[in-house]
>>> print(open('target27.cif').read())   # mmCIF, C-alpha atoms and all ligand atoms
data_start
loop_
_atom_site.label_atom_id
_atom_site.label_comp_id
_atom_site.auth_asym_id
_atom_site.auth_seq_id
_atom_site.Cartn_x
_atom_site.Cartn_y
_atom_site.Cartn_z
CA MET A 82 -102.63 102.46 121.08
CA SER A 83 -100.38 99.86 122.71
CA ARG A 84 -101.90 96.56 123.75
CA VAL A 85 -101.84 95.76 127.47
CA ILE A 86 -100.70 92.19 128.10
CA SER A 87 -101.93 90.66 131.32
CA ASN A 88 -100.01 87.99 133.17
CA ASP A 89 -102.55 85.15 133.35
CA LEU A 90 -101.93 81.72 134.76
CA SER A 91 -101.56 79.27 131.90
CA TRP A 92 -100.05 75.82 131.49
CA SER A 93 -97.58 74.26 129.10
CA VAL A 94 -95.28 71.27 129.31
CA SER A 95 -92.25 73.57 129.56
CA ARG A 96 -93.88 75.67 132.28
CA TRP A 97 -94.62 72.59 134.36
CA GLN A 98 -91.11 71.23 133.74
CA GLN A 99 -89.67 74.54 134.93
CA PHE A 100 -91.69 74.26 138.15
CA LEU A 101 -90.37 70.73 138.70
CA PHE A 102 -86.82 71.91 137.92
CA CYS A 103 -86.98 74.56 140.65
CA GLN A 104 -89.83 76.58 142.13
CA ARG A 105 -87.71 79.73 142.49
CA ALA A 106 -86.57 79.49 138.86
CA TYR A 107 -90.24 79.12 137.93
CA TYR A 108 -91.04 82.31 139.86
CA TYR A 109 -88.22 84.24 138.17
CA ASN A 110 -89.29 82.99 134.75
CA TYR A 111 -93.03 83.59 134.90
CA TYR A 112 -93.46 86.36 137.49
CA GLY A 113 -90.23 88.17 138.39
CA SER A 114 -89.31 88.79 134.76
CA TRP A 115 -92.80 90.00 133.83
CA GLY A 116 -92.68 93.29 131.93
CA GLY A 117 -88.88 93.05 131.59
CA TRP A 118 -89.17 93.28 127.80
CA SER A 119 -89.82 96.98 128.18
CA TYR A 120 -86.83 99.28 127.97
CA ASP A 121 -87.94 101.24 131.03
CA ALA A 122 -88.86 98.21 133.15
CA PRO A 123 -87.58 98.14 136.75
CA ASP A 124 -83.95 96.92 136.81
CA ARG A 125 -84.81 93.66 138.55
CA ALA A 126 -87.52 92.68 136.03
CA ARG A 127 -85.21 93.65 133.16
CA GLN A 128 -82.36 91.56 134.52
CA LEU A 129 -84.61 88.53 135.10
CA TYR A 130 -86.03 88.90 131.61
CA ILE A 131 -82.52 88.89 130.14
CA LEU A 132 -81.65 85.78 132.17
CA LYS A 133 -84.91 84.05 131.20
CA ASN A 134 -83.96 84.37 127.53
CA ILE A 135 -80.53 82.77 127.88
CA LYS A 136 -80.14 79.57 125.86
CA SER A 137 -77.68 76.76 126.33
CA MET A 138 -75.63 75.90 123.22
CA PHE A 139 -77.73 72.77 122.61
CA MET A 140 -81.02 74.63 123.03
CA TRP A 141 -79.70 77.16 120.55
CA ALA A 142 -78.83 74.41 118.08
CA GLY A 143 -82.34 73.00 118.51
CA SER A 144 -84.01 76.34 117.87
CA ILE A 145 -81.94 76.92 114.71
CA VAL A 146 -82.95 73.51 113.37
CA HIS A 147 -86.62 74.07 114.25
CA GLU A 148 -86.64 77.48 112.55
CA LEU A 149 -85.05 76.12 109.39
CA VAL A 150 -87.31 73.07 109.25
CA GLN A 151 -90.34 75.33 109.63
CA GLU A 152 -89.04 77.78 107.02
CA SER A 153 -88.25 75.04 104.51
CA LEU A 154 -91.69 73.42 104.86
CA GLU A 155 -93.36 76.82 104.42
CA GLU A 156 -91.12 77.51 101.43
CA PHE A 157 -92.15 74.17 99.93
CA THR A 158 -95.81 75.18 100.10
CA ARG A 159 -95.01 78.33 98.09
CA SER A 160 -92.44 77.16 95.58
CA ARG A 161 -92.47 73.32 95.70
CA LEU A 162 -88.74 73.61 96.40
CA VAL A 163 -87.72 70.33 98.05
CA PRO A 164 -85.51 70.94 101.12
CA ASN A 165 -81.91 69.95 100.47
CA ALA A 166 -79.09 69.47 102.94
CA VAL A 167 -76.57 71.82 101.30
CA ASP A 168 -78.90 74.83 101.27
CA LEU A 169 -80.20 74.13 104.76
CA GLN A 170 -76.69 73.78 106.15
CA ALA A 171 -75.63 77.05 104.49
CA LYS A 172 -78.55 78.78 106.22
CA GLY A 173 -77.66 76.99 109.44
CA ARG A 174 -74.09 78.29 109.18
CA GLN A 175 -75.40 81.83 108.74
CA LYS A 176 -77.64 81.57 111.78
CA LEU A 177 -74.82 80.11 113.87
CA ARG A 178 -72.54 83.01 112.88
CA GLN A 179 -75.20 85.62 113.50
CA GLY A 180 -76.18 84.16 116.89
CA TRP A 181 -72.57 83.92 117.96
CA ILE A 182 -71.98 87.60 117.10
CA GLU A 183 -75.16 88.63 118.95
CA SER A 184 -74.05 86.75 122.01
CA VAL A 185 -70.43 87.94 122.09
CA SER A 186 -71.33 91.57 121.34
CA LYS A 187 -74.04 91.46 124.03
CA GLU A 188 -76.78 92.72 121.74
CA TRP A 189 -79.17 91.11 124.22
CA LEU A 190 -78.49 93.97 126.67
CA HIS A 191 -80.66 96.12 124.40
CA TYR A 192 -82.71 93.39 122.75
CA PRO A 193 -83.08 90.49 125.20
CA LYS A 194 -84.53 88.18 122.55
CA LYS A 195 -81.21 88.24 120.69
CA THR A 196 -79.03 85.18 121.20
CA ASN A 197 -77.47 85.04 124.65
CA LEU A 198 -75.58 81.82 125.19
CA PHE A 199 -75.42 80.31 128.66
CA GLU A 200 -71.90 79.04 128.23
CA LEU A 201 -70.66 82.53 127.26
CA TYR A 202 -72.74 84.45 129.79
CA TYR A 203 -71.42 82.31 132.61
CA GLY A 204 -68.02 81.90 130.96
CA ASN A 205 -65.56 84.53 129.76
CA GLY A 206 -68.13 86.11 127.39
CA LYS A 207 -65.81 85.82 124.38
CA SER A 208 -64.82 82.29 123.56
CA LEU A 209 -65.45 78.61 124.17
CA PRO A 210 -63.33 75.52 123.63
CA ARG A 211 -63.26 74.47 119.96
CA GLU A 212 -64.74 71.04 120.67
CA GLN A 213 -67.79 72.63 122.26
CA THR A 214 -68.55 74.88 119.30
CA ASP A 215 -67.81 72.03 116.86
CA GLN A 216 -70.31 69.81 118.68
CA VAL A 217 -73.05 72.41 118.28
CA ARG A 218 -72.23 73.03 114.63
CA ASP A 219 -72.28 69.24 113.99
CA ARG A 220 -75.63 68.90 115.73
CA VAL A 221 -77.13 71.59 113.51
CA TYR A 222 -75.59 70.22 110.29
CA ASP A 223 -76.39 66.56 111.05
CA SER A 224 -79.98 67.34 112.03
CA LEU A 225 -80.58 69.38 108.89
CA GLU A 226 -79.06 66.66 106.73
CA ALA A 227 -81.21 64.01 108.40
CA PHE A 228 -84.30 66.16 107.81
CA ALA A 229 -83.50 66.75 104.14
CA ASN A 230 -82.74 63.06 103.50
CA SER A 231 -85.51 61.58 105.61
CA ALA A 232 -87.81 59.08 103.91
CA PHE A 233 -90.57 60.20 106.27
CA VAL A 234 -90.16 63.83 105.20
CA ALA A 235 -90.22 62.73 101.54
CA GLU A 236 -93.52 61.00 102.32
CA ILE A 237 -94.89 64.20 103.91
CA LEU A 238 -93.96 66.23 100.84
CA GLN A 239 -96.14 63.91 98.73
CA VAL A 240 -99.20 64.77 100.82
CA PRO A 241 -101.31 67.51 99.18
CA TYR A 242 -100.75 70.81 100.97
CA LEU A 243 -104.45 71.12 101.78
CA GLN A 244 -103.99 68.14 104.10
CA TRP A 245 -101.24 69.90 106.07
CA LYS A 246 -102.55 71.20 109.37
CA SER A 247 -99.88 73.02 111.30
CA ILE A 248 -96.29 74.21 110.98
CA ASP A 249 -95.02 75.17 114.40
CA HIS A 250 -97.65 77.76 115.35
CA LEU A 251 -98.19 78.54 119.00
CA ASP A 252 -101.77 77.77 119.97
CA SER A 253 -103.86 77.05 123.04
CA PHE A 254 -106.96 75.31 124.31
CA GLN A 255 -108.87 75.52 127.59
CA LEU A 256 -108.58 72.92 130.32
CA GLY A 257 -110.02 73.37 133.79
CA GLY A 258 -110.47 77.10 133.17
CA CYS A 259 -106.82 77.52 132.23
CA LYS A 260 -105.16 78.10 128.85
CA VAL A 261 -102.90 75.23 127.82
CA TRP A 262 -100.25 76.32 125.31
CA GLY A 263 -98.34 74.31 122.77
CA ALA A 264 -96.83 74.58 119.30
CA ILE A 265 -97.33 71.43 117.25
CA ASP A 266 -94.18 71.15 115.14
CA PHE A 267 -96.01 69.64 112.21
CA ALA A 268 -99.28 67.84 111.48
CA TYR A 269 -100.95 66.45 108.40
CA ILE A 270 -103.80 64.19 107.40
CA ASP A 271 -102.82 61.16 105.33
CA ASN A 272 -104.89 59.82 102.45
CA GLY A 273 -106.55 57.33 104.79
CA GLY A 274 -107.86 60.16 106.99
CA LYS A 275 -105.42 59.73 109.92
CA LEU A 276 -103.97 62.84 111.54
CA HIS A 277 -100.22 62.56 112.08
CA ILE A 278 -98.62 64.80 114.71
CA ILE A 279 -94.86 65.18 114.59
CA ASP A 280 -92.41 66.50 117.12
CA TRP A 281 -88.94 67.16 115.65
CA LYS A 282 -86.23 66.46 118.21
CA THR A 283 -82.58 67.42 118.15
CA GLY A 284 -81.60 65.81 121.44
CA GLY A 285 -82.00 62.35 122.94
CA GLU A 286 -85.29 60.57 123.56
CA ASN A 287 -86.96 61.15 126.92
CA PRO A 288 -90.07 58.96 126.58
CA ALA A 289 -91.96 60.34 129.63
CA SER A 290 -91.54 63.95 128.57
CA LEU A 291 -92.27 63.25 124.88
CA ARG A 292 -95.38 61.24 125.80
CA LEU A 293 -96.69 64.17 127.87
CA GLN A 294 -95.95 66.61 125.05
CA LEU A 295 -97.61 64.44 122.41
CA ALA A 296 -100.62 63.81 124.66
CA CYS A 297 -100.99 67.55 125.02
CA TYR A 298 -100.85 67.95 121.24
CA SER A 299 -103.52 65.24 120.92
CA LEU A 300 -105.81 67.18 123.26
CA MET A 301 -105.13 70.34 121.29
CA ALA A 302 -105.83 68.61 117.96
CA MET A 303 -109.06 67.08 119.29
CA ASP A 304 -110.18 70.50 120.51
CA LYS A 305 -109.08 72.46 117.44
CA TRP A 306 -109.71 70.10 114.56
CA LYS A 307 -112.41 67.92 116.14
CA VAL A 308 -110.56 64.67 115.42
CA GLN A 309 -111.12 61.40 117.27
CA LEU A 310 -108.25 60.02 119.29
CA SER A 311 -108.44 56.78 117.26
CA ASP A 312 -107.59 58.84 114.16
CA ILE A 313 -104.42 60.37 115.64
CA GLU A 314 -100.91 59.00 115.11
CA LEU A 315 -98.04 60.45 117.14
CA HIS A 316 -94.38 60.54 116.20
CA GLY A 317 -91.13 61.85 117.58
CA VAL A 318 -88.52 62.30 114.83
CA PHE A 319 -84.95 62.34 116.13
CA LEU A 320 -83.04 64.46 113.67
CA ASN A 321 -79.80 64.16 115.60
CA ASP A 322 -80.12 60.39 115.29
CA GLY A 323 -80.37 60.12 111.52
CA GLY A 324 -84.06 61.08 111.49
CA ARG A 325 -85.14 58.00 113.48
CA LYS A 326 -88.91 57.96 113.90
CA SER A 327 -90.35 56.85 117.21
CA ASP A 328 -94.10 56.17 117.24
CA TYR A 329 -96.18 56.76 120.36
CA SER A 330 -99.64 55.36 120.95
CA MET A 331 -102.27 56.93 123.15
CA THR A 332 -105.33 55.16 124.46
CA ALA A 333 -108.44 56.90 125.81
CA GLU A 334 -107.38 55.80 129.32
CA SER A 335 -103.85 57.17 129.00
CA LEU A 336 -105.21 60.45 127.67
CA VAL A 337 -107.58 60.75 130.63
CA ALA A 338 -104.61 60.09 132.92
CA VAL A 339 -102.62 62.87 131.21
CA LYS A 340 -105.59 65.22 131.47
CA ASP A 341 -105.79 64.48 135.21
CA GLN A 342 -102.05 65.04 135.49
CA ILE A 343 -102.37 68.46 133.83
CA LEU A 344 -105.38 69.43 135.96
CA GLY A 345 -103.52 68.36 139.10
CA SER A 346 -100.47 70.38 138.13
CA ILE A 347 -102.60 73.47 137.40
CA GLU A 348 -104.00 73.16 140.94
CA THR A 349 -100.45 72.87 142.32
CA LEU A 350 -99.44 76.07 140.48
CA LYS A 351 -102.57 77.85 141.72
CA ARG A 352 -101.89 76.87 145.32
CA LYS A 353 -98.56 78.69 145.16
CA LEU A 354 -100.28 81.99 144.46
CA ARG A 355 -101.18 84.61 147.04
CA ASP A 356 -104.11 85.69 144.91
CA PRO A 357 -105.06 82.96 142.39
CA GLU A 358 -107.85 85.08 140.92
CA ASN A 359 -105.36 87.75 139.80
CA ASN A 360 -102.36 85.42 139.38
CA LEU A 361 -100.34 87.27 142.01
CA ALA A 362 -97.25 85.56 143.37
CA GLU A 363 -94.68 86.45 146.03
CA GLU A 364 -91.06 85.49 145.51
CA GLU A 365 -90.56 84.15 149.03
CA ASP A 366 -93.31 81.52 148.51
CA PHE A 367 -91.21 79.76 145.87
CA GLU A 368 -88.56 77.59 147.49
CA PHE A 369 -85.12 76.80 146.12
CA THR A 370 -86.18 73.27 145.25
CA GLY A 371 -83.58 72.95 142.49
CA CYS A 372 -80.75 73.65 144.89
CA PRO A 373 -78.06 72.36 144.60
CA GLN A 374 -78.64 69.69 141.96
CA ASN A 375 -79.87 72.01 139.18
CA CYS A 376 -78.11 75.27 140.00
CA GLU A 377 -75.10 74.71 137.78
CA GLY A 378 -77.24 74.71 134.64
CA CYS A 379 -79.78 77.31 135.79
CA ASN A 380 -80.21 80.60 133.90
CA PHE A 381 -80.90 82.48 137.12
CA ARG A 382 -77.75 81.58 139.04
CA ALA A 383 -76.46 85.17 138.64
CA VAL A 384 -79.20 86.50 140.92
CA CYS A 385 -80.31 83.52 142.98
CA PRO A 386 -79.43 83.76 146.70
CA CYS A 387 -78.95 80.00 146.73
CA VAL A 388 -75.85 80.46 144.52
CA VAL A 389 -74.89 84.11 145.06
CA GLY A 390 -74.90 83.66 148.83
CA GLU A 391 -72.51 80.66 148.67
S1 LIG A 401 -79.90 78.80 140.97
FE1 LIG A 401 -80.68 76.87 141.83
S2 LIG A 401 -82.07 77.43 143.50
FE2 LIG A 401 -81.68 79.27 142.24
S3 LIG A 401 -83.34 79.35 140.83
FE3 LIG A 401 -81.74 78.22 139.83
S4 LIG A 401 -82.05 76.06 140.28
FE4 LIG A 401 -83.30 77.28 141.67
#
>>> encode(input="target27.cif", output="structure tokens")
Amino acid sequence: MSRVISNDLSWSVSRWQQFLFCQRAYYYNYYGSWGGWSYDAPDRARQLYILKNIKSMFMWAGSIVHELVQESLEEFTRSRLVPNAVDLQAKGRQKLRQGWIESVSKEWLHYPKKTNLFELYYGNGKSLPREQTDQVRDRVYDSLEAFANSAFVAEILQVPYLQWKSIDHLDSFQLGGCKVWGAIDFAYIDNGGKLHIIDWKTGGENPASLRLQLACYSLMAMDKWKVQLSDIELHGVFLNDGGRKSDYSMTAESLVAVKDQILGSIETLKRKLRDPENNLAEEEDFEFTGCPQNCEGCNFRAVCPCVVGE
């Protein structure tokens, strides 16, 4: 028997960021595309679902690095095989090739979760300037090398596996009657009893956004593992910057402020709904707030009247 998935209102940092990016894009992403994964979905939902799954080249690079970091840490728990740059880069090369083929051959028309690159979808569909593809390849290779050679990662590998808490698993907790989603990239407890939460990054540092993300992870860890805030240490690790570690501190006051910020944003999302109880939204209630400043980089420009009607 197939499982029926209901579209419930939930919250995540990326969901809220999408709303701030553009309300109409938010609608397309979380409502219009709903059910579009099904082969026999209405054309509109299918098209929006395909667009929702488009990735920019740099997002693609980031997801390849995240996958390989996760895989190599999981592999280490099984075989004690220490991640090394050469092997990781060889796997990275394979994923880059495979993703490129998926994108150019439009496999995503049948399987929308297959790689669909923004720059190809909104370009000629076949090729990109060499410097652009080189940049992405370098980002993947450099990030994987930084991970493999990182002193911080070497430290993590010394921590007994039983003290590891999470390797990039999507999870949720309840806040204000709403599910808050997040996937902690990695967490472990050190020998002094402190919980370290790590967010691997492959782009530049955006302190406001990273602080919100890490605060969210802190709330999740406190809910899930019953840890005190004073026992949590937060780190962003910038793999595209040689593995630079940036530590973030969170006081009880700042965490309360973040909680209020999340609760306030959940209310904002609810107010946009025609029927908040059943999470029912109408497209026309979501304005083109990203227009024109964000349209150029928006996945939905192929269907959005703000661009199509130009
Ligand atoms: S194309 Fe522009 S207005 Fe339309 S959804 Fe995207 S950002 Fe919003």
>>> residues_around(input="target27.cif", residues="Ser119 (chain A)", least_positions_apart="4", cutoff="10 Å", atoms="all atoms listed in the file", output="ChimeraX atom specification")
/A:115,123,126-127,130,191-193
>>> closest_residue(input="target27.cif", among="A:Thr158, A:Thr214, A:Thr283, A:Ser114", to="Asn321 (chain A)", atoms="all atoms listed in the file")
A:Thr283
>>> atom_distance(input="target27.cif", atom1="CA of Asn380 (chain A)", atom2="atom S1 of ligand LIG 401 (chain A)")
7.3 Å
>>> residues_around(input="target27.cif", residues="Lys207 (chain A)", least_positions_apart="5", cutoff="9 Å", atoms="only C-alpha atoms", output="PyMOL selection string")
chain A and resi 184-186+201-202
>>> write_last_selection(input="target27.cif", atoms="C-alpha atoms", output="compact mmCIF listing (two decimals), in the coordinates of the input")
# COMPACT_ATOMS: atom_id res chain seq x y z
CA SER A 184 -74.05 86.75 122.01
CA VAL A 185 -70.43 87.94 122.09
CA SER A 186 -71.33 91.57 121.34
CA LEU A 201 -70.66 82.53 127.26
CA TYR A 202 -72.74 84.45 129.79
>>> residues_near_ligand(input="target27.cif", ligand="ligand LIG 401 (chain A)", cutoff="7 Å", atoms="all atoms listed in the file", output="list in words")
Phe102, Cys103, Gln104, Arg105, Ala106, Phe369, Thr370, Gly371, Cys372, Pro373, Asn375, Cys376, Cys379, Asn380, Phe381, Arg382, Cys385, Pro386, Cys387 and Val388 of chain A
>>> write_last_selection(input="target27.cif", atoms="C-alpha atoms", output="CSV table (one decimal), in the frame of the given file")
chain,number,residue,atom,x,y,z
A,102,PHE,CA,-86.8,71.9,137.9
A,103,CYS,CA,-87.0,74.6,140.6
A,104,GLN,CA,-89.8,76.6,142.1
A,105,ARG,CA,-87.7,79.7,142.5
A,106,ALA,CA,-86.6,79.5,138.9
A,369,PHE,CA,-85.1,76.8,146.1
A,370,THR,CA,-86.2,73.3,145.2
A,371,GLY,CA,-83.6,73.0,142.5
A,372,CYS,CA,-80.8,73.6,144.9
A,373,PRO,CA,-78.1,72.4,144.6
A,375,ASN,CA,-79.9,72.0,139.2
A,376,CYS,CA,-78.1,75.3,140.0
A,379,CYS,CA,-79.8,77.3,135.8
A,380,ASN,CA,-80.2,80.6,133.9
A,381,PHE,CA,-80.9,82.5,137.1
A,382,ARG,CA,-77.8,81.6,139.0
A,385,CYS,CA,-80.3,83.5,143.0
A,386,PRO,CA,-79.4,83.8,146.7
A,387,CYS,CA,-79.0,80.0,146.7
A,388,VAL,CA,-75.8,80.5,144.5
>>> atom_distance(input="target27.cif", atom1="CA of Ser247 (chain A)", atom2="CA of Arg174 (chain A)")
26.4 Å
>>> residues_near_point(input="target27.cif", point="(-93.3, 76.0, 139.3)", cutoff="12 Å", atoms="all atoms listed in the file", output="ChimeraX atom specification")
/A:90-112,346-354,362,364,366-371
>>> write_last_selection(input="target27.cif", atoms="C-alpha atoms", output="PDB file, in the frame of the given file")
ATOM      1  CA  LEU A  90    -101.930  81.720 134.760  1.00  0.00           C
ATOM      2  CA  SER A  91    -101.560  79.270 131.900  1.00  0.00           C
ATOM      3  CA  TRP A  92    -100.050  75.820 131.490  1.00  0.00           C
ATOM      4  CA  SER A  93     -97.580  74.260 129.100  1.00  0.00           C
ATOM      5  CA  VAL A  94     -95.280  71.270 129.310  1.00  0.00           C
ATOM      6  CA  SER A  95     -92.250  73.570 129.560  1.00  0.00           C
ATOM      7  CA  ARG A  96     -93.880  75.670 132.280  1.00  0.00           C
ATOM      8  CA  TRP A  97     -94.620  72.590 134.360  1.00  0.00           C
ATOM      9  CA  GLN A  98     -91.110  71.230 133.740  1.00  0.00           C
ATOM     10  CA  GLN A  99     -89.670  74.540 134.930  1.00  0.00           C
ATOM     11  CA  PHE A 100     -91.690  74.260 138.150  1.00  0.00           C
ATOM     12  CA  LEU A 101     -90.370  70.730 138.700  1.00  0.00           C
ATOM     13  CA  PHE A 102     -86.820  71.910 137.920  1.00  0.00           C
ATOM     14  CA  CYS A 103     -86.980  74.560 140.650  1.00  0.00           C
ATOM     15  CA  GLN A 104     -89.830  76.580 142.130  1.00  0.00           C
ATOM     16  CA  ARG A 105     -87.710  79.730 142.490  1.00  0.00           C
ATOM     17  CA  ALA A 106     -86.570  79.490 138.860  1.00  0.00           C
ATOM     18  CA  TYR A 107     -90.240  79.120 137.930  1.00  0.00           C
ATOM     19  CA  TYR A 108     -91.040  82.310 139.860  1.00  0.00           C
ATOM     20  CA  TYR A 109     -88.220  84.240 138.170  1.00  0.00           C
ATOM     21  CA  ASN A 110     -89.290  82.990 134.750  1.00  0.00           C
ATOM     22  CA  TYR A 111     -93.030  83.590 134.900  1.00  0.00           C
ATOM     23  CA  TYR A 112     -93.460  86.360 137.490  1.00  0.00           C
ATOM     24  CA  SER A 346    -100.470  70.380 138.130  1.00  0.00           C
ATOM     25  CA  ILE A 347    -102.600  73.470 137.400  1.00  0.00           C
ATOM     26  CA  GLU A 348    -104.000  73.160 140.940  1.00  0.00           C
ATOM     27  CA  THR A 349    -100.450  72.870 142.320  1.00  0.00           C
ATOM     28  CA  LEU A 350     -99.440  76.070 140.480  1.00  0.00           C
ATOM     29  CA  LYS A 351    -102.570  77.850 141.720  1.00  0.00           C
ATOM     30  CA  ARG A 352    -101.890  76.870 145.320  1.00  0.00           C
ATOM     31  CA  LYS A 353     -98.560  78.690 145.160  1.00  0.00           C
ATOM     32  CA  LEU A 354    -100.280  81.990 144.460  1.00  0.00           C
ATOM     33  CA  ALA A 362     -97.250  85.560 143.370  1.00  0.00           C
ATOM     34  CA  GLU A 364     -91.060  85.490 145.510  1.00  0.00           C
ATOM     35  CA  ASP A 366     -93.310  81.520 148.510  1.00  0.00           C
ATOM     36  CA  PHE A 367     -91.210  79.760 145.870  1.00  0.00           C
ATOM     37  CA  GLU A 368     -88.560  77.590 147.490  1.00  0.00           C
ATOM     38  CA  PHE A 369     -85.120  76.800 146.120  1.00  0.00           C
ATOM     39  CA  THR A 370     -86.180  73.270 145.250  1.00  0.00           C
ATOM     40  CA  GLY A 371     -83.580  72.950 142.490  1.00  0.00           C
TER      41      GLY A 371
END
>>> atom_distance(input="target27.cif", atom1="CA of Gln255 (chain A)", atom2="CA of Asn88 (chain A)")
16.3 Å
>>> residues_around(input="target27.cif", residues="region 134-136 of chain A", least_positions_apart="2", cutoff="8 Å", atoms="only C-alpha atoms", output="count of residues only")
14
>>> closest_residue(input="target27.cif", among="A:Gly317, A:Gly323, A:Gly285, A:Gly173", to="Ile265 (chain A)", atoms="all atoms listed in the file")
A:Gly317
>>> closest_residue(input="target27.cif", among="A:Phe228, A:Tyr222, A:Ile248, A:Leu336", to="Val163 (chain A)", atoms="only C-alpha atoms")
A:Phe228
>>> closest_residue(input="target27.cif", among="A:Ala166, A:Ala122, A:Ala338, A:Ala227", to="Gly324 (chain A)", atoms="all atoms listed in the file")
A:Ala227
>>> residues_near_point(input="target27.cif", point="(-95.5, 61.5, 118.2)", cutoff="8 Å", atoms="only C-alpha atoms", output="number ranges by chain")
A: 277-280, 291-292, 295, 314-318, 327-330
>>> write_last_selection(input="target27.cif", atoms="C-alpha atoms", output="PDB file, in the coordinates of the input")
ATOM      1  CA  HIS A 277    -100.220  62.560 112.080  1.00  0.00           C
ATOM      2  CA  ILE A 278     -98.620  64.800 114.710  1.00  0.00           C
ATOM      3  CA  ILE A 279     -94.860  65.180 114.590  1.00  0.00           C
ATOM      4  CA  ASP A 280     -92.410  66.500 117.120  1.00  0.00           C
ATOM      5  CA  LEU A 291     -92.270  63.250 124.880  1.00  0.00           C
ATOM      6  CA  ARG A 292     -95.380  61.240 125.800  1.00  0.00           C
ATOM      7  CA  LEU A 295     -97.610  64.440 122.410  1.00  0.00           C
ATOM      8  CA  GLU A 314    -100.910  59.000 115.110  1.00  0.00           C
ATOM      9  CA  LEU A 315     -98.040  60.450 117.140  1.00  0.00           C
ATOM     10  CA  HIS A 316     -94.380  60.540 116.200  1.00  0.00           C
ATOM     11  CA  GLY A 317     -91.130  61.850 117.580  1.00  0.00           C
ATOM     12  CA  VAL A 318     -88.520  62.300 114.830  1.00  0.00           C
ATOM     13  CA  SER A 327     -90.350  56.850 117.210  1.00  0.00           C
ATOM     14  CA  ASP A 328     -94.100  56.170 117.240  1.00  0.00           C
ATOM     15  CA  TYR A 329     -96.180  56.760 120.360  1.00  0.00           C
ATOM     16  CA  SER A 330     -99.640  55.360 120.950  1.00  0.00           C
TER      17      SER A 330
END
>>> closest_residue(input="target27.cif", among="A:Leu190, A:Ala268, A:Ile237, A:Leu344", to="Asp249 (chain A)", atoms="only C-alpha atoms")
A:Ala268
>>> closest_residue(input="target27.cif", among="A:Leu276, A:Asp215, A:Val389, A:Glu236", to="Glu377 (chain A)", atoms="only C-alpha atoms")
A:Val389
>>> residues_around(input="target27.cif", residues="Leu225 (chain A)", least_positions_apart="2", cutoff="12 Å", atoms="only C-alpha atoms", output="ChimeraX atom specification")
/A:142-151,153,164-174,218-223,227-231,234,281-283,319-324
>>> write_last_selection(input="target27.cif", atoms="C-alpha atoms", output="mmCIF file, keeping the file's coordinate frame")
data_model
loop_
_atom_site.group_PDB
_atom_site.id
_atom_site.type_symbol
_atom_site.label_atom_id
_atom_site.label_comp_id
_atom_site.auth_asym_id
_atom_site.auth_seq_id
_atom_site.Cartn_x
_atom_site.Cartn_y
_atom_site.Cartn_z
ATOM 1 C CA ALA A 142 -78.830 74.410 118.080
ATOM 2 C CA GLY A 143 -82.340 73.000 118.510
ATOM 3 C CA SER A 144 -84.010 76.340 117.870
ATOM 4 C CA ILE A 145 -81.940 76.920 114.710
ATOM 5 C CA VAL A 146 -82.950 73.510 113.370
ATOM 6 C CA HIS A 147 -86.620 74.070 114.250
ATOM 7 C CA GLU A 148 -86.640 77.480 112.550
ATOM 8 C CA LEU A 149 -85.050 76.120 109.390
ATOM 9 C CA VAL A 150 -87.310 73.070 109.250
ATOM 10 C CA GLN A 151 -90.340 75.330 109.630
ATOM 11 C CA SER A 153 -88.250 75.040 104.510
ATOM 12 C CA PRO A 164 -85.510 70.940 101.120
ATOM 13 C CA ASN A 165 -81.910 69.950 100.470
ATOM 14 C CA ALA A 166 -79.090 69.470 102.940
ATOM 15 C CA VAL A 167 -76.570 71.820 101.300
ATOM 16 C CA ASP A 168 -78.900 74.830 101.270
ATOM 17 C CA LEU A 169 -80.200 74.130 104.760
ATOM 18 C CA GLN A 170 -76.690 73.780 106.150
ATOM 19 C CA ALA A 171 -75.630 77.050 104.490
ATOM 20 C CA LYS A 172 -78.550 78.780 106.220
ATOM 21 C CA GLY A 173 -77.660 76.990 109.440
ATOM 22 C CA ARG A 174 -74.090 78.290 109.180
ATOM 23 C CA ARG A 218 -72.230 73.030 114.630
ATOM 24 C CA ASP A 219 -72.280 69.240 113.990
ATOM 25 C CA ARG A 220 -75.630 68.900 115.730
ATOM 26 C CA VAL A 221 -77.130 71.590 113.510
ATOM 27 C CA TYR A 222 -75.590 70.220 110.290
ATOM 28 C CA ASP A 223 -76.390 66.560 111.050
ATOM 29 C CA ALA A 227 -81.210 64.010 108.400
ATOM 30 C CA PHE A 228 -84.300 66.160 107.810
ATOM 31 C CA ALA A 229 -83.500 66.750 104.140
ATOM 32 C CA ASN A 230 -82.740 63.060 103.500
ATOM 33 C CA SER A 231 -85.510 61.580 105.610
ATOM 34 C CA VAL A 234 -90.160 63.830 105.200
ATOM 35 C CA TRP A 281 -88.940 67.160 115.650
ATOM 36 C CA LYS A 282 -86.230 66.460 118.210
ATOM 37 C CA THR A 283 -82.580 67.420 118.150
ATOM 38 C CA PHE A 319 -84.950 62.340 116.130
ATOM 39 C CA LEU A 320 -83.040 64.460 113.670
ATOM 40 C CA ASN A 321 -79.800 64.160 115.600
ATOM 41 C CA ASP A 322 -80.120 60.390 115.290
ATOM 42 C CA GLY A 323 -80.370 60.120 111.520
ATOM 43 C CA GLY A 324 -84.060 61.080 111.490
#
